[in-house]
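Here's the structure we're looking at; comments come further down.
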Amino acid sequence: MTYDVLTLGRISVDVYPNDIGVPLADVTSFGKYLGGSATNVAVAAARHGRAAGVITKVGDDDFGTFLERELDKFGVDRTLVARDDSLQTPVTFCAIQPPEDFPLYFYGRFPMAPDWNIEPDALELDAIRGAGIFWSTVTGLSREPSRSAQIAAHEARPVEALSAGQHTILDLDYRPMFWDSVEQAREQVARVLPYATVAIGNDTECAVAVGEGTPDEQADRLLAAGVQIAVVKLGPEGVMAKTRTERIVSAPVPVQTANGLGAGDSFGGAFCHGLLAGWPLEQVLDFANAAGAIVASKVACSDAMPTTAEVISLLAERGRTVPNSQKDLV
């Protein structure tokens with residue numbers, strides 16, 4: 001299969017409380033969802049009609065079966081999803097306390113999780129080379145053998161060998177509990193940045209990757225490392241994308257935040273869709289920003305990923321530019 005978007009990395013069962021705004025100790029019931037950043041990006045891309053797949057592993061258990069069914073439900077190809085009979089499928093709990101407090105609690109991930117147990121020799125390199133966009137995250141670099149697998153995947157896609165319209169995107173997704181130190185993470189990021197055409201992260205994640213500084217300084221360092229597009233999320237000020245010839249800032253799309261988790265993954269899938277569509281960077285950024293806002297306004301992550309029509313509708317409602325090829329969806 002040839003993929004528009006192929007992601008590599010984390011998958012889990014996300015367990016969210018049905019009781020919003022209270023500590024986990026007081027929650028009386030929960031719902032379970034497909035989760036994991038790289039997997040959510042594939043779901044988000046599929047919601048925009050893209051042929052999406054994910055390279056990952058689940059445990060050989062009922063939670064693994066649940067995740068496989070969810071991937072099927074969302075139209076994400078799971079040909080490259082394997083089962084690991086030596087490890088359990090991880091579960092991630094979140095306390096939802098809007099507007100800003102969404103702590104995560106990882107279970108079954110330490111010392112090892114199935115998606116960290118992906119071996120380089122198991123990779124389908126032809127599928128990786130052929131994907132329109134290949135997406136990986138910094139989290140996948142935090143453990144072996146996943147680290148070696150991710151490096152092998154990137155080495156299979158040297159920038160100079162990419163066809164027109166192909167991109168390799170590194171999500172700078174940094175979670176300190178997965179690393180011994182910032183220095184360790186920075187060392188591993190430096191190994192794969194030369195293979196990326198796009199890097200995406202917030203100010204903290206960019207600081208881990210290329211050091212402290214203003215958003216422009218961080219973007220310039222990412223560009224100097226070899227990427228073609230540096231995306232720096234600015235929090236309440238929106239998001240900036242910078243190339244060697246242009247600098248664009250997309251203002252935030254105001255919504256009432258229900259759950260801050262998953263918005264970045266929705267942004268990522270929408271960003272992939274816009275890049276593949278060949279839209280101007282400004283329109284790609286606005287579209288991705290609106291997609292992220294929609295998920296932030298809902299409790300679920302994967303289940304809340306919007307369709308293209310939903311994103312276009314929000315853009316039109318807020319007076320934002322709608323890509324010409326999508327105006328019939330308004």
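A note on labels: chains of the structure tokens are A, B, ... as shown, every chain counts residues from 1, and ligands are counted from 1 in their shown order.
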Find the residues near Trp179 (chain A): any atom within 12 Å, counting only C-alpha atoms, skip ones fewer than 6 places away on the same chain, and give them as a ChimeraX atom specification.
/A:110-111,138-143,173,185-188,208
With C-alpha atoms retained, write the just-selected residues as a compact mmCIF listing (two decimals), in the first residue's frame.
# COMPACT_ATOMS: atom_id res chain seq x y z
CA PHE A 110 7.81 1.45 32.11
CA PRO A 111 10.34 -0.02 31.77
CA VAL A 138 10.85 12.42 19.69
CA THR A 139 9.23 10.02 22.18
CA GLY A 140 10.16 7.14 19.89
CA LEU A 141 13.83 8.04 20.32
CA SER A 142 13.77 7.64 24.10
CA ARG A 143 14.18 3.84 24.22
CA ASP A 173 6.97 15.89 21.29
CA ALA A 185 16.99 14.02 24.31
CA ARG A 186 18.82 16.81 22.47
CA GLU A 187 21.56 14.39 21.40
CA GLN A 188 19.03 12.02 19.86
CA VAL A 208 15.06 20.75 24.07
Write out as a PyMOL selection string the residues lying within 8 Å of Ala113 (chain A), counting only C-alpha atoms and excluding same-chain residues fewer than 5 positions away.
chain A and resi 87-90+108
Name the residues of region 119-284 of chain A that fall into alpha helix (DSSP H) according to DSSP on the backbone, using the chain letters and numbers of this document, as a PyMOL selection string.
chain A and resi 125-130+146-155+182-192+203-210+215-224+263-277+281-284
Give me the residues within 8 Å of Tyr33 (chain A) as a ChimeraX atom specification, counting only C-alpha atoms and dropping any in the same chain fewer than 4 places off.
/A:13-16,300-303
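When only C-alpha atoms are used to measure the gap to Asp84 (chain A), the shortest distance among A:Val58, A:Ala51, A:Met1, A:Val299 belongs to A:Val58.
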DSSP strand (DSSP E) residues within region 106-158 of chain A, as number ranges by chain
A: 106-107, 133-137
Can you pull out the residues contacting Ile169 (chain A)? Cut-off 7 Å, using only C-alpha atoms, and skip same-chain residues under 5 positions away; I want them as a ChimeraX atom specification.
/A:134-136,196-199
Export, as a compact mmCIF listing (two decimals), in the first residue's frame, the selected residues with C-alpha atoms.
# COMPACT_ATOMS: atom_id res chain seq x y z
CA PHE A 134 6.45 10.12 7.06
CA TRP A 135 5.81 11.30 10.63
CA SER A 136 7.71 10.32 13.75
CA ALA A 196 13.44 15.99 8.47
CA THR A 197 11.95 18.53 6.10
CA VAL A 198 9.55 19.80 8.78
CA ALA A 199 9.93 20.10 12.56
I'd like the neighbourhood of region 203-207 of chain A as a CSV table (one decimal) with C-alpha atoms, in the first residue's frame, where a residue qualifies if any of its atoms comes within 6 Å (using only C-alpha atoms), though same-chain residues fewer than 5 positions away should be ignored.
chain,number,residue,atom,x,y,z
A,172,LEU,CA,9.4,17.4,18.7
A,174,TYR,CA,9.1,15.9,24.4
A,212,GLU,CA,16.5,28.3,24.6
What lies within 10 Å of Gln283 (chain A) using only C-alpha atoms, ignoring chain neighbours under 3 positions off, as number ranges by chain?
A: 248, 250, 271, 274-275, 278-280, 286-289, 320-324
Can you tell me which residues surround region 116-131 of chain A at a distance of at most 6 Å, considering only C-alpha atoms, apart from same-chain residues fewer than 4 positions away, and format the answer as a PDB file with N, CA and C atoms, in the first residue's frame?
ATOM      1  N   TYR A   3       1.059   5.036   1.091  1.00  0.00           N
ATOM      2  CA  TYR A   3       0.398   5.892   2.080  1.00  0.00           C
ATOM      3  C   TYR A   3       0.586   7.360   1.759  1.00  0.00           C
ATOM      4  N   ASP A   4      -0.472   8.144   1.954  1.00  0.00           N
ATOM      5  CA  ASP A   4      -0.317   9.600   1.975  1.00  0.00           C
ATOM      6  C   ASP A   4       0.438  10.005   3.231  1.00  0.00           C
ATOM      7  N   PRO A 145      14.624  -0.884  21.407  1.00  0.00           N
ATOM      8  CA  PRO A 145      15.141  -0.734  20.042  1.00  0.00           C
ATOM      9  C   PRO A 145      14.400   0.285  19.181  1.00  0.00           C
ATOM     10  N   SER A 146      13.350   0.935  19.750  1.00  0.00           N
ATOM     11  CA  SER A 146      12.598   1.917  18.970  1.00  0.00           C
ATOM     12  C   SER A 146      13.511   3.002  18.413  1.00  0.00           C
ATOM     13  N   ALA A 149      15.199   1.784  15.369  1.00  0.00           N
ATOM     14  CA  ALA A 149      14.212   1.623  14.306  1.00  0.00           C
ATOM     15  C   ALA A 149      13.862   2.977  13.692  1.00  0.00           C
ATOM     16  N   ARG A 157      14.927   7.563   4.203  1.00  0.00           N
ATOM     17  CA  ARG A 157      14.316   8.709   3.511  1.00  0.00           C
ATOM     18  C   ARG A 157      15.272   9.916   3.529  1.00  0.00           C
TER      19      ARG A 157
END
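Using only C-alpha atoms, the smallest distance between any of A:Asp72, A:Glu246, A:Asp19, A:Asp265 and Asp171 (chain A) comes from A:Asp265.
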Take CA of Ala316 (chain A) and CA of Val76 (chain A) and report the distance between them in Å, one decimal.
28.3 Å
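Among the candidate residues A:Leu71, A:Ala52, A:Val41, A:Ala95, the one lying nearest to Ser29 (chain A) is A:Ala95, with distances computed using only C-alpha atoms.
Note that the spacing between CA of Ser37 (chain A) and CA of Lys57 (chain A) amounts to 13.6 Å.
In this structure, CA of Gly260 (chain A) sits 8.0 Å away from CA of Val295 (chain A).
With only C-alpha atoms as the atoms that count, the minimum distance from Ala293 (chain A) to the choices A:Leu193, A:Ala152, A:Leu314, A:Val253 is reached by A:Val253.
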One residue among A:Ile96, A:Gly268, A:Ala219, A:Thr243 is nearest to Thr39 (chain A) when using only C-alpha atoms, and that residue is A:Gly268
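Considering only C-alpha atoms, the residue among A:Arg47, A:Lys298, A:Lys242, A:Arg318 positioned nearest to Leu281 (chain A) is A:Lys242.
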